[in-house]
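Asks: Supplied in structure tokens, the structure appears directly below.
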Amino acid sequence: MKKQIAVIRGDGIGKEVITQALKVLDSIAKVYKHEFIYKEVLAGGCAIDSCGECLPKESLDICKRSDSVLLGAVGGPKWDKEPSHNRPEYALLRLRKELGVFANIRPATLLAELKNASPLKSEILQKGIDFVILRELVGGAYFGRHLCEEKNGEKIATDEMSYTQSQIESIAKVAFEIAQKRRKNLVSVDKANVLASSRLWREVVENVAKDYSDVSLSHMYVDNAAMQICRVPSAFDVILTENMFGDILSDEASVITGTIGVIPSASLSQGTLGLYEPIHGSAPDIAGQDKANPIGTILSVAMMLELSFGLKQEAQAVRNAVNIALQQGYRTGDMMDKDSKLAGCEKMGDIISGFVS
């Protein structure tokens with residue numbers, strides 16, 4: 001198989017974790033006789049520094065022409081004073097919109113080797129953590145109208161949060177289809193007791209549910225969901241929610257599984273094009289110090305192989321390599337315990353790529 005991958009190293013530790021992920025992809029290509037062509041493009045703060053734009057047209061065009069996009073991380077305090085339309089984070093929002101990647105898949109799985117890194121009590125962890133958050137990615141407050149104005153001598157800020165029926169239907173169908181392949185239990189998270197957009201969300205999800213009679217559907221307010229994810233994470237299978245709620249809940253889910261550094265994500269379009277990235281940020285405080293955890297990016301590569309390229313065996317080979325490295329006790333600093341062997345970002349990448357078979 002021959003595939004072109006647009007590579008956005010981005011800012012901070014993005015550069016470091018992407019380098020390790022590409023090592024693993026190169027190992028997969030060698031073992032399984034594939035060819036991956038990397039097209040490196042600028043986006044985020046590094047693009048602002050280079051050409052003044054957070055997402056140059058050339059970068060966007062290459063991403064659109066590629067089979068998939070691999071992203072490290074963007075942003076940092078260096079660019080906090082940029083106007084809102086040219087901040088690094090805007091590059092990511094625009095990229096998602098332009099690529100049409102509306103469905104964000106974020107798995108939350110407790111790896112046995114990282115149990116001690118979770119802040120939850122052992123009696124909770126004994127029941128396991130294995131759920132998926134489906135986050136709508138191109139609607140809601142992040143893409144609504146943002147206005148700051150002054151009236152009667154006082155500043156007023158307004159952020160518009162809107163959803164269309166078709167947007168909700170699209171993400172709901174993906175969630176139900178994933179639930180059908182798992183334990184057939186779907187929880188839709190909203191704030192329908194307060195928000196009109198959530199009331200429409202609930203109505204549309206219930207209508208879509210009629211086509212998936214084998215899936216059990218329940219609803220939960222977002223504040224309760226945040227509490228239950230910590231209290232009884234084993235009760236969840238698939239969580240469906242809108243953009244902002246999903247942003248918050250998926251970060252919470254990453255912490256209870258041990259460390260945000262190992263959580264991958266996939267953002268999918270209606271076709272096979274996907275945007276793959278770890279859910280952590282650019283972490284400028286540790287950038288360039290070989291302290292970053294590359295596992296989230298490496299597992300994002302596994303999701304790319306499976307979901308965009310249809311290479312399930314190769315995807316499992318990546319996951320197996322990660323598991324072997326952890327079983328042998330290798331840890332980056334964010335995962336360390338007294339019985340572990342410290343590995344920097346580069347060494348962890350070398351170890352995992354060496355276990356690919």
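By convention in this document, the chains of the structure tokens carry letters A, B, ... by their order, each chain's residues are numbered from 1, and ligands are numbered from 1 in the order they are shown.
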Using the chain letters and numbers from this document, which residues of stretch 28-106 of chain A does DSSP assign to strand (DSSP E), as a VMD selection string?

Replies: chain A and resid 35 to 40 68 to 73 103 to 106

Asks: Residues of the last selection are to be written out with N, CA and C atoms, as a compact mmCIF listing (two decimals), in the first residue's frame.

Replies:
```txt
# COMPACT_ATOMS: atom_id res chain seq x y z
N GLU A 35 4.43 1.70 1.66
CA GLU A 35 5.18 2.93 1.42
C GLU A 35 4.37 4.11 1.92
N PHE A 36 4.93 4.83 2.87
CA PHE A 36 4.29 6.03 3.40
C PHE A 36 5.12 7.24 3.00
N ILE A 37 4.47 8.15 2.29
CA ILE A 37 5.13 9.36 1.82
C ILE A 37 4.73 10.50 2.74
N TYR A 38 5.70 11.15 3.37
CA TYR A 38 5.42 12.22 4.32
C TYR A 38 5.58 13.58 3.65
N LYS A 39 4.54 14.39 3.74
CA LYS A 39 4.58 15.76 3.24
C LYS A 39 4.50 16.70 4.45
N GLU A 40 5.62 17.27 4.82
CA GLU A 40 5.65 18.11 6.01
C GLU A 40 5.12 19.51 5.69
N SER A 68 -4.22 11.17 4.69
CA SER A 68 -4.50 11.47 6.09
C SER A 68 -3.54 12.52 6.60
N VAL A 69 -3.85 13.05 7.78
CA VAL A 69 -3.04 14.10 8.38
C VAL A 69 -2.63 13.66 9.78
N LEU A 70 -1.34 13.82 10.09
CA LEU A 70 -0.82 13.51 11.42
C LEU A 70 -0.32 14.80 12.06
N LEU A 71 -0.84 15.11 13.24
CA LEU A 71 -0.55 16.39 13.90
C LEU A 71 0.06 16.16 15.28
N GLY A 72 1.10 16.93 15.60
CA GLY A 72 1.72 16.85 16.92
C GLY A 72 0.96 17.65 17.95
N ALA A 73 1.11 18.95 17.93
CA ALA A 73 0.39 19.85 18.84
C ALA A 73 0.64 21.28 18.36
N ALA A 103 -16.23 14.02 13.20
CA ALA A 103 -16.39 13.01 14.25
C ALA A 103 -15.06 12.75 14.93
N ASN A 104 -14.96 13.16 16.18
CA ASN A 104 -13.73 12.95 16.94
C ASN A 104 -13.90 11.74 17.86
N ILE A 105 -13.00 10.77 17.70
CA ILE A 105 -13.05 9.54 18.48
C ILE A 105 -11.89 9.54 19.46
N ARG A 106 -12.22 9.49 20.76
CA ARG A 106 -11.18 9.50 21.79
C ARG A 106 -11.41 8.31 22.73
```

Asks: So that I can see what lies close to stretch 287-293 of chain A, please list as an MDAnalysis selection string the residues with an atom at most 12 Å from it, counting only C-alpha atoms and leaving out residues fewer than 6 positions away in the same chain.

Replies: chainID A and resid 10:21 72:73 76 259:264 278:281 299 322 330:336 342:349

Asks: Using only C-alpha atoms, I'd like a table of the residues in stretch 134-182 of chain A that come within 10 Å of stretch 236-254 of chain A; for each, show the closest atom pair and its distance in Å rounded to one decimal, ordered by chain and ascending number, as JSON lines.

Replies:
```
{"residue": "A:Leu134", "atom": "CA", "partner": "A:Leu240", "partner_atom": "CA", "distance": 4.8}
{"residue": "A:Arg135", "atom": "CA", "partner": "A:Gly246", "partner_atom": "CA", "distance": 5.0}
{"residue": "A:Glu136", "atom": "CA", "partner": "A:Glu242", "partner_atom": "CA", "distance": 4.9}
{"residue": "A:Leu137", "atom": "CA", "partner": "A:Asn243", "partner_atom": "CA", "distance": 5.3}
{"residue": "A:Val138", "atom": "CA", "partner": "A:Asn243", "partner_atom": "CA", "distance": 7.3}
{"residue": "A:Gly139", "atom": "CA", "partner": "A:Asn243", "partner_atom": "CA", "distance": 6.5}
{"residue": "A:Gly140", "atom": "CA", "partner": "A:Asn243", "partner_atom": "CA", "distance": 5.9}
{"residue": "A:Ala141", "atom": "CA", "partner": "A:Met244", "partner_atom": "CA", "distance": 6.9}
{"residue": "A:Tyr142", "atom": "CA", "partner": "A:Met244", "partner_atom": "CA", "distance": 7.2}
{"residue": "A:Phe143", "atom": "CA", "partner": "A:Asn243", "partner_atom": "CA", "distance": 9.3}
{"residue": "A:Met161", "atom": "CA", "partner": "A:Met244", "partner_atom": "CA", "distance": 9.5}
{"residue": "A:Tyr163", "atom": "CA", "partner": "A:Glu242", "partner_atom": "CA", "distance": 9.0}
{"residue": "A:Gln167", "atom": "CA", "partner": "A:Glu242", "partner_atom": "CA", "distance": 9.9}
{"residue": "A:Ile168", "atom": "CA", "partner": "A:Glu242", "partner_atom": "CA", "distance": 8.4}
{"residue": "A:Ile171", "atom": "CA", "partner": "A:Leu240", "partner_atom": "CA", "distance": 8.1}
{"residue": "A:Ala172", "atom": "CA", "partner": "A:Leu240", "partner_atom": "CA", "distance": 7.1}
{"residue": "A:Val174", "atom": "CA", "partner": "A:Leu240", "partner_atom": "CA", "distance": 9.4}
{"residue": "A:Ala175", "atom": "CA", "partner": "A:Leu240", "partner_atom": "CA", "distance": 6.3}
{"residue": "A:Phe176", "atom": "CA", "partner": "A:Val238", "partner_atom": "CA", "distance": 8.4}
{"residue": "A:Ile178", "atom": "CA", "partner": "A:Val238", "partner_atom": "CA", "distance": 7.7}
{"residue": "A:Ala179", "atom": "CA", "partner": "A:Val238", "partner_atom": "CA", "distance": 6.0}
{"residue": "A:Gln180", "atom": "CA", "partner": "A:Val238", "partner_atom": "CA", "distance": 9.8}
{"residue": "A:Arg182", "atom": "CA", "partner": "A:Asp237", "partner_atom": "CA", "distance": 7.4}
```

Asks: Please produce a file of those selected residues containing C-alpha atoms, as a PDB file, in the first residue's frame.

Replies:
```pdb
ATOM      1  CA  LEU A 134     -17.576  10.595  20.352  1.00  0.00           C
ATOM      2  CA  ARG A 135     -17.245  14.372  20.149  1.00  0.00           C
ATOM      3  CA  GLU A 136     -18.878  16.464  17.418  1.00  0.00           C
ATOM      4  CA  LEU A 137     -16.014  18.549  16.096  1.00  0.00           C
ATOM      5  CA  VAL A 138     -17.148  21.278  13.705  1.00  0.00           C
ATOM      6  CA  GLY A 139     -20.167  22.854  15.411  1.00  0.00           C
ATOM      7  CA  GLY A 140     -21.192  24.350  18.722  1.00  0.00           C
ATOM      8  CA  ALA A 141     -19.656  27.250  20.593  1.00  0.00           C
ATOM      9  CA  TYR A 142     -16.202  26.870  19.046  1.00  0.00           C
ATOM     10  CA  PHE A 143     -17.598  27.654  15.605  1.00  0.00           C
ATOM     11  CA  MET A 161     -23.546  27.927  20.485  1.00  0.00           C
ATOM     12  CA  TYR A 163     -26.271  23.124  16.045  1.00  0.00           C
ATOM     13  CA  GLN A 167     -24.840  18.032  12.197  1.00  0.00           C
ATOM     14  CA  ILE A 168     -26.308  16.127  15.123  1.00  0.00           C
ATOM     15  CA  ILE A 171     -22.271  12.399  14.608  1.00  0.00           C
ATOM     16  CA  ALA A 172     -25.081  10.375  16.198  1.00  0.00           C
ATOM     17  CA  VAL A 174     -21.223   7.355  13.861  1.00  0.00           C
ATOM     18  CA  ALA A 175     -21.713   6.907  17.612  1.00  0.00           C
ATOM     19  CA  PHE A 176     -24.450   4.305  17.209  1.00  0.00           C
ATOM     20  CA  ILE A 178     -19.414   2.286  17.015  1.00  0.00           C
ATOM     21  CA  ALA A 179     -21.688   1.196  19.866  1.00  0.00           C
ATOM     22  CA  GLN A 180     -22.977  -1.681  17.710  1.00  0.00           C
ATOM     23  CA  ARG A 182     -18.758  -2.656  21.161  1.00  0.00           C
TER      24      ARG A 182
END
```

Asks: Just to confirm, what's the straight-line distance from atom CA of A:Leu305 to atom CA of A:Pro88 in Å (one decimal)?

Replies: 26.9 Å

Asks: Which neighbours of stretch 116-118 of chain A fall inside 6 Å, counting only C-alpha atoms, when residues of the same chain fewer than 4 positions from it are skipped, and could you give them as a PyMOL selection string?

Replies: chain A and resi 256-258

Asks: Please extract the residues of stretch 64-255 of chain A with a backbone DSSP assignment of alpha helix (DSSP H) and present them as a ChimeraX atom specification.

Replies: /A:64-65,88-99,122-125,165-181,196-209,222-231,243-255

Asks: Nearest to A:Ala29 among A:Met1, A:Val208, A:Val194, A:Val255, with distances taken over only C-alpha atoms: which residue is it?

Replies: A:Met1

Asks: As JSON, numbers by chain, please: the residues near stretch 214-228 of chain A (cut-off 7 Å, only C-alpha atoms, same-chain neighbours under 3 positions excluded).

Replies: {"A": [179, 180, 184, 185, 186, 187, 188, 189, 190, 191, 231, 232, 233, 245, 249]}

Asks: I'd like to know which of A:Leu114, A:Ala108, A:Leu92, A:Val204 is closest to A:Asp130, using only C-alpha atoms.

Replies: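 Answer, going by the shortest atom-to-atom distance: A:Ala108.
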